[in-house]
>>> print(open('run.cif').read())   # mmCIF, C-alpha atoms
data_work
#
loop_
_atom_site.label_atom_id
_atom_site.label_comp_id
_atom_site.auth_asym_id
_atom_site.auth_seq_id
_atom_site.Cartn_x
_atom_site.Cartn_y
_atom_site.Cartn_z
CA MET A 253 5.39 -88.62 45.52
CA ILE A 254 1.78 -87.73 44.64
CA PHE A 255 1.46 -84.14 43.45
CA HIS A 256 -1.75 -82.21 44.07
CA ASP A 257 -1.82 -79.13 41.84
CA ILE A 258 -3.83 -76.89 44.15
CA GLU A 259 -3.44 -73.28 45.20
CA GLN A 260 -1.58 -72.94 48.47
CA ASN A 261 -3.47 -71.28 51.34
CA SER A 262 -6.76 -72.05 49.60
CA GLU A 263 -9.60 -73.99 51.22
CA ALA A 264 -8.70 -77.10 49.19
CA TRP A 265 -5.08 -76.85 50.35
CA ASP A 266 -6.19 -76.37 53.94
CA ASN A 267 -8.41 -79.44 53.76
CA ILE A 268 -5.84 -81.77 52.19
CA ARG A 269 -3.37 -81.03 55.02
CA ILE A 270 -5.78 -82.14 57.75
CA GLY A 271 -4.32 -85.08 59.68
CA LYS A 272 -0.95 -84.95 57.95
CA ALA A 273 2.55 -84.35 59.22
CA THR A 274 4.09 -81.72 56.97
CA THR A 275 7.67 -80.87 56.09
CA SER A 276 7.23 -77.38 57.55
CA LYS A 277 7.23 -79.11 60.96
CA PHE A 278 10.10 -81.50 60.32
CA GLY A 279 12.30 -79.33 62.53
CA VAL A 280 10.03 -80.23 65.45
CA ILE A 281 10.07 -83.93 64.53
CA MET A 282 13.84 -84.12 63.97
CA ALA A 283 14.77 -82.21 67.14
CA ASN A 284 16.61 -84.35 69.73
CA TYR A 285 17.30 -86.96 67.06
CA GLY A 286 18.15 -90.29 68.68
CA LYS A 287 16.37 -89.30 71.89
CA ALA A 288 12.79 -89.01 73.11
CA PHE A 289 10.45 -86.56 71.40
CA SER A 290 10.10 -83.14 73.00
CA ASP A 291 6.84 -81.86 74.46
CA THR A 292 6.49 -79.69 71.36
CA ALA A 293 6.67 -82.78 69.13
CA LYS A 294 4.19 -84.62 71.36
CA LYS A 295 1.78 -81.70 71.13
CA TYR A 296 2.13 -81.73 67.34
CA ALA A 297 1.48 -85.50 67.28
CA HIS A 298 -1.64 -84.96 69.38
CA LYS A 299 -2.87 -82.30 66.95
CA ILE A 300 -2.46 -84.66 64.00
CA ALA A 301 -4.10 -87.53 65.92
CA TYR A 302 -7.06 -85.28 66.71
CA GLU A 303 -7.45 -84.33 63.05
CA GLN A 304 -7.22 -87.94 61.88
CA VAL A 305 -9.86 -89.07 64.37
CA THR A 306 -12.29 -86.16 63.96
CA GLY A 307 -11.61 -85.08 60.39
CA HIS A 308 -11.45 -81.46 61.56
CA LYS A 309 -8.59 -79.02 62.07
CA GLU A 310 -7.69 -78.69 65.71
CA ASP A 311 -6.82 -75.00 65.21
CA SER A 312 -9.72 -74.20 62.87
CA ALA A 313 -9.52 -70.52 63.76
CA GLY A 314 -6.05 -70.44 62.22
CA PHE A 315 -3.13 -68.24 63.19
CA SER A 316 -1.52 -65.34 61.44
CA ASN A 317 0.69 -62.40 62.28
CA GLY A 318 2.22 -59.43 60.53
CA TYR A 319 5.32 -61.29 59.37
CA MET A 320 3.26 -64.15 57.93
CA GLU A 321 1.09 -61.69 56.03
CA GLU A 322 4.19 -59.98 54.66
CA GLY A 323 5.44 -63.38 53.49
CA HIS A 324 2.27 -64.04 51.51
CA THR A 325 2.48 -60.57 49.98
CA TRP A 326 6.10 -60.74 48.84
CA GLU A 327 6.38 -64.42 47.88
CA PRO A 328 5.26 -64.04 44.22
CA ILE A 329 7.60 -61.05 43.83
CA ALA A 330 10.48 -63.06 45.29
CA LYS A 331 9.68 -65.96 42.96
CA LYS A 332 9.75 -63.67 39.92
CA ALA A 333 13.06 -62.13 41.07
CA TYR A 334 14.51 -65.65 41.41
CA GLU A 335 13.36 -66.62 37.92
CA GLU A 336 14.92 -63.49 36.45
CA GLU A 337 18.18 -64.01 38.32
CA THR A 338 18.60 -67.74 37.57
CA PHE A 339 16.67 -68.08 34.28
CA ASN A 340 14.77 -70.94 35.93
CA GLU A 341 11.04 -71.30 35.43
CA VAL A 342 9.13 -72.22 38.57
CA SER A 343 5.73 -73.92 38.75
CA ASN A 344 3.18 -74.12 41.56
CA GLY A 345 4.36 -76.06 44.61
CA GLY A 346 0.84 -77.31 45.40
CA PHE A 347 0.78 -80.11 47.94
CA CYS A 348 3.08 -83.13 47.70
CA GLN A 349 1.94 -86.32 49.40
CA HIS A 350 4.25 -89.23 50.18
CA GLU A 351 3.26 -92.44 48.40
CA LYS A 352 4.29 -94.80 51.21
CA TYR A 353 3.30 -92.57 54.14
CA GLU A 354 -0.05 -91.18 53.00
CA ASN A 355 -0.34 -88.94 56.07
CA VAL A 356 2.92 -87.17 55.32
CA GLY A 357 3.33 -84.32 52.87
CA GLY A 358 4.61 -80.86 52.18
CA SER A 359 4.03 -77.65 50.27
CA PRO A 360 7.20 -76.47 48.53
CA ASP A 361 7.09 -72.89 47.34
CA GLY A 362 7.72 -74.07 43.81
CA MET A 363 9.08 -76.76 41.51
CA VAL A 364 11.87 -75.85 39.09
CA LEU A 365 10.67 -76.83 35.64
CA HIS A 366 12.99 -78.77 33.31
CA ASP A 367 15.24 -79.62 36.28
CA ASN A 368 15.05 -81.80 39.40
CA GLY A 369 14.87 -79.15 42.08
CA GLY A 370 12.62 -76.82 43.99
CA ILE A 371 12.57 -73.60 45.96
CA GLU A 372 11.81 -72.40 49.45
CA ILE A 373 11.08 -68.68 49.87
CA LYS A 374 11.38 -66.67 53.05
CA SER A 375 10.43 -62.97 52.97
CA VAL A 376 12.50 -61.39 55.72
CA ILE A 377 13.23 -58.12 57.47
CA ALA A 378 16.51 -56.31 56.81
CA TRP A 379 18.31 -57.67 59.91
CA THR A 380 17.50 -61.28 59.01
CA GLN A 381 18.64 -60.66 55.42
CA ARG A 382 21.91 -59.31 56.78
CA ALA A 383 22.44 -62.52 58.77
CA ASN A 384 21.74 -64.73 55.74
CA ILE A 385 24.11 -62.76 53.53
CA ARG A 386 26.87 -62.72 56.17
CA ARG A 387 26.71 -66.48 56.73
CA ASN A 388 26.43 -67.00 52.95
CA SER A 389 24.11 -69.91 53.59
CA PHE A 390 20.50 -70.81 54.32
CA ASP A 391 18.83 -69.90 57.60
CA PRO A 392 19.45 -72.99 59.81
CA THR A 393 15.95 -72.58 61.24
CA TYR A 394 14.63 -74.08 58.00
CA LYS A 395 17.20 -76.85 57.56
CA TRP A 396 14.82 -79.76 58.11
CA GLN A 397 12.01 -78.21 56.10
CA LYS A 398 14.33 -77.95 53.09
CA LEU A 399 15.81 -81.43 53.62
CA GLY A 400 12.29 -82.76 54.13
CA ASN A 401 11.15 -81.38 50.80
CA MET A 402 14.20 -82.86 49.06
CA TRP A 403 13.44 -86.23 50.66
CA LEU A 404 9.72 -86.02 49.87
CA CYS A 405 10.09 -84.86 46.26
CA ASP A 406 13.38 -86.67 45.57
CA TRP A 407 15.02 -83.44 44.42
CA ASP A 408 18.70 -83.03 43.63
CA TYR A 409 18.67 -79.59 45.23
CA CYS A 410 16.56 -76.98 46.99
CA ASP A 411 17.23 -73.28 46.44
CA PHE A 412 16.74 -71.22 49.57
CA ILE A 413 15.48 -67.77 48.55
CA SER A 414 15.75 -65.05 51.16
CA TYR A 415 13.95 -61.91 50.03
CA GLY A 416 14.69 -58.79 52.05
CA TYR A 417 11.67 -56.78 51.03
CA THR A 418 12.82 -53.65 52.91
CA CYS A 419 16.41 -53.84 51.63
CA THR A 420 17.98 -51.95 48.75
CA GLU A 421 17.93 -53.58 45.32
CA LYS A 422 21.54 -54.72 45.84
CA ASN A 423 20.60 -56.89 48.81
CA LYS A 424 16.94 -57.72 48.22
CA LEU A 425 17.57 -61.20 46.78
CA PHE A 426 19.83 -63.84 48.33
CA ILE A 427 19.91 -67.40 46.96
CA HIS A 428 21.66 -70.41 48.45
CA ARG A 429 21.55 -73.84 46.85
CA MET A 430 21.36 -76.83 49.17
CA LYS A 431 22.54 -79.91 47.24
CA ARG A 432 21.23 -83.35 48.10
CA GLU A 433 24.66 -84.92 47.68
CA ASP A 434 26.01 -82.76 50.51
CA HIS A 435 23.35 -83.86 53.01
CA LEU A 436 22.86 -87.59 52.39
CA GLU A 437 23.61 -88.50 56.02
CA ASP A 438 20.95 -86.14 57.38
CA ILE A 439 18.39 -87.12 54.75
CA ALA A 440 18.88 -90.77 55.73
CA LYS A 441 17.80 -89.88 59.29
CA ILE A 442 14.38 -88.61 58.22
CA GLU A 443 12.51 -91.84 57.47
CA PRO A 444 13.34 -93.78 60.67
CA ARG A 445 12.59 -90.74 62.83
CA LEU A 446 9.36 -90.14 60.93
CA GLU A 447 8.25 -93.73 61.49
CA GLN A 448 8.75 -93.23 65.23
CA PHE A 449 6.67 -90.05 65.02
CA LEU A 450 3.85 -91.83 63.19
CA GLU A 451 3.83 -94.39 66.01
CA LEU A 452 3.56 -91.50 68.46
CA ILE A 453 0.51 -90.22 66.57
CA GLU A 454 -1.16 -93.61 66.97
CA GLU A 455 -0.33 -93.54 70.66
CA GLU A 456 -1.91 -90.10 71.02
CA LYS A 457 -5.18 -91.36 69.58
CA LYS A 458 -5.83 -92.99 72.96
CA TYR A 459 -6.43 -89.53 74.37
CA ILE A 460 -8.81 -88.17 71.71
#
>>> encode(input="run.cif", output="structure tokens")
Amino acid sequence: MIFHDIEQNSEAWDNIRIGKATTSKFGVIMANYGKAFSDTAKKYAHKIAYEQVTGHKEDSAGFSNGYMEEGHTWEPIAKKAYEEETFNEVSNGGFCQHEKYENVGGSPDGMVLHDNGGIEIKSVIAWTQRANIRRNSFDPTYKWQKLGNMWLCDWDYCDFISYGYTCTEKNKLFIHRMKREDHLEDIAKIEPRLEQFLELIEEEKKYI
């Protein structure tokens, strides 16, 4: 893994992600595993193909909504709460680029220093926090993003941090550790599926 120590959501971070399949979209890539790619995956492949051919972001105007803005606001607070709760020190997640697949990468929310792990933060509304606490596990929506970061960075674990910013202090912070050893079968599925997706990107270049 090649680590780029850059500020996330900065112009440099935006630029380095152009033309790359990222772990945040691994859920789209891994959907229907063993079968044909969905239209959503094909659309994502076309977007990446466009960026590789033109060198420009397809969605240069960007997209944001209220929940995304809340996430950016509360993420550093959630990270500090995690450090205080676990006594772990967390560094910048930057951008991690795969050595073999140069057009594949990801942006973990942080690397745990002095240990082989990382974090993924989700700032959530009270109802979502309730669901995470009740299931006593990570939000399954982000399963492949977390597994993707473990695969990409070769971590032993990824701590899912759910931060209920509107909750009481008792329920604001929920942490669930996803251990690599418990998900070896799923992690082994990533590379072959990803290779198929990279072939799809090349196919989509015919239409750019």
>>> resolve_selection(input="run.cif", expression="the PyMOL selection byres ((chain A and resi 367) around 10)", output="list in words")
Asn340, Glu341, Val342, Met363, Val364, Leu365, His366, Asn368, Gly369, Gly370, Trp407, Asp408 and Tyr409 of chain A
>>> closest_residue(input="run.cif", among="A:Thr380, A:Ser414, A:Thr420, A:Ser343", to="Glu259 in chain A", atoms="all atoms listed in the file")
A:Ser343
>>> resolve_selection(input="run.cif", expression="the PyMOL selection byres ((chain A and resi 323-333) around 10)", output="PyMOL selection string")
chain A and resi 261+318-322+334-343+361-362+371-376+413-417+424-426
>>> axis_aligned_box(input="run.cif", around="range 368-384 of chain A", padding_each_side="5 Å", output="AutoDock Vina command-line options")
--center_x 16.4 --center_y -69.1 --center_z 49.7 --size_x 22.0 --size_y 35.5 --size_z 30.5
>>> closest_atom_pairs(input="run.cif", of="range 344-427 of chain A", to="range 431-447 of chain A", cutoff="9 Å", atoms="all atoms listed in the file", output="JSON lines")
{"residue": "A:Tyr353", "atom": "CA", "partner": "A:Glu447", "partner_atom": "CA", "distance": 8.9}
{"residue": "A:Trp396", "atom": "CA", "partner": "A:Ile439", "partner_atom": "CA", "distance": 8.8}
{"residue": "A:Leu399", "atom": "CA", "partner": "A:Ile439", "partner_atom": "CA", "distance": 6.3}
{"residue": "A:Gly400", "atom": "CA", "partner": "A:Ile442", "partner_atom": "CA", "distance": 7.4}
{"residue": "A:Met402", "atom": "CA", "partner": "A:Arg432", "partner_atom": "CA", "distance": 7.1}
{"residue": "A:Trp403", "atom": "CA", "partner": "A:Ile439", "partner_atom": "CA", "distance": 6.5}
{"residue": "A:Asp406", "atom": "CA", "partner": "A:Arg432", "partner_atom": "CA", "distance": 8.9}
{"residue": "A:Trp407", "atom": "CA", "partner": "A:Arg432", "partner_atom": "CA", "distance": 7.2}
{"residue": "A:Asp408", "atom": "CA", "partner": "A:Arg432", "partner_atom": "CA", "distance": 5.1}
{"residue": "A:Tyr409", "atom": "CA", "partner": "A:Lys431", "partner_atom": "CA", "distance": 4.4}
{"residue": "A:Cys410", "atom": "CA", "partner": "A:Lys431", "partner_atom": "CA", "distance": 6.7}
{"residue": "A:Asp411", "atom": "CA", "partner": "A:Lys431", "partner_atom": "CA", "distance": 8.5}
>>> build_atoms(input="run.cif", residues="range 410-432 of chain A", atoms="N, CA and C atoms", output="tab-separated table (two decimals), in the coordinates of the input")
chain	number	residue	atom	x	y	z
A	410	CYS	N	17.61	-77.93	46.59
A	410	CYS	CA	16.56	-76.98	46.99
A	410	CYS	C	17.21	-75.61	47.11
A	411	ASP	N	16.71	-74.64	46.37
A	411	ASP	CA	17.23	-73.28	46.44
A	411	ASP	C	16.51	-72.50	47.53
A	412	PHE	N	17.27	-72.07	48.51
A	412	PHE	CA	16.74	-71.22	49.57
A	412	PHE	C	16.76	-69.77	49.07
A	413	ILE	N	15.60	-69.15	49.03
A	413	ILE	CA	15.48	-67.77	48.55
A	413	ILE	C	15.11	-66.89	49.74
A	414	SER	N	16.01	-66.02	50.09
A	414	SER	CA	15.75	-65.05	51.16
A	414	SER	C	15.51	-63.70	50.48
A	415	TYR	N	14.31	-63.17	50.69
A	415	TYR	CA	13.95	-61.91	50.03
A	415	TYR	C	13.77	-60.81	51.07
A	416	GLY	N	14.73	-59.90	51.11
A	416	GLY	CA	14.69	-58.79	52.05
A	416	GLY	C	13.87	-57.64	51.47
A	417	TYR	N	12.59	-57.70	51.71
A	417	TYR	CA	11.67	-56.78	51.03
A	417	TYR	C	11.87	-55.32	51.41
A	418	THR	N	12.55	-55.04	52.53
A	418	THR	CA	12.82	-53.65	52.91
A	418	THR	C	14.24	-53.23	52.55
A	419	CYS	N	15.02	-54.14	51.96
A	419	CYS	CA	16.41	-53.84	51.63
A	419	CYS	C	16.52	-53.08	50.30
A	420	THR	N	17.71	-52.58	50.04
A	420	THR	CA	17.98	-51.95	48.75
A	420	THR	C	18.01	-53.03	47.67
A	421	GLU	N	17.95	-52.62	46.42
A	421	GLU	CA	17.93	-53.58	45.32
A	421	GLU	C	19.17	-54.49	45.35
A	422	LYS	N	20.29	-53.95	45.80
A	422	LYS	CA	21.54	-54.72	45.84
A	422	LYS	C	21.42	-55.95	46.74
A	423	ASN	N	20.67	-55.82	47.82
A	423	ASN	CA	20.60	-56.89	48.81
A	423	ASN	C	19.22	-57.51	48.98
A	424	LYS	N	18.30	-57.19	48.09
A	424	LYS	CA	16.94	-57.72	48.22
A	424	LYS	C	16.89	-59.24	48.06
A	425	LEU	N	17.66	-59.78	47.12
A	425	LEU	CA	17.57	-61.20	46.78
A	425	LEU	C	18.85	-61.92	47.16
A	426	PHE	N	18.70	-62.97	47.99
A	426	PHE	CA	19.83	-63.84	48.33
A	426	PHE	C	19.41	-65.27	48.06
A	427	ILE	N	20.23	-66.01	47.33
A	427	ILE	CA	19.91	-67.40	46.96
A	427	ILE	C	21.04	-68.31	47.42
A	428	HIS	N	20.67	-69.39	48.08
A	428	HIS	CA	21.66	-70.41	48.45
A	428	HIS	C	21.14	-71.77	48.04
A	429	ARG	N	21.96	-72.51	47.30
A	429	ARG	CA	21.55	-73.84	46.85
A	429	ARG	C	22.01	-74.92	47.82
A	430	MET	N	21.06	-75.68	48.32
A	430	MET	CA	21.36	-76.83	49.17
A	430	MET	C	21.32	-78.06	48.28
A	431	LYS	N	22.45	-78.74	48.12
A	431	LYS	CA	22.54	-79.91	47.24
A	431	LYS	C	22.31	-81.19	48.03
A	432	ARG	N	21.53	-82.07	47.45
A	432	ARG	CA	21.23	-83.35	48.10
A	432	ARG	C	22.50	-84.12	48.43
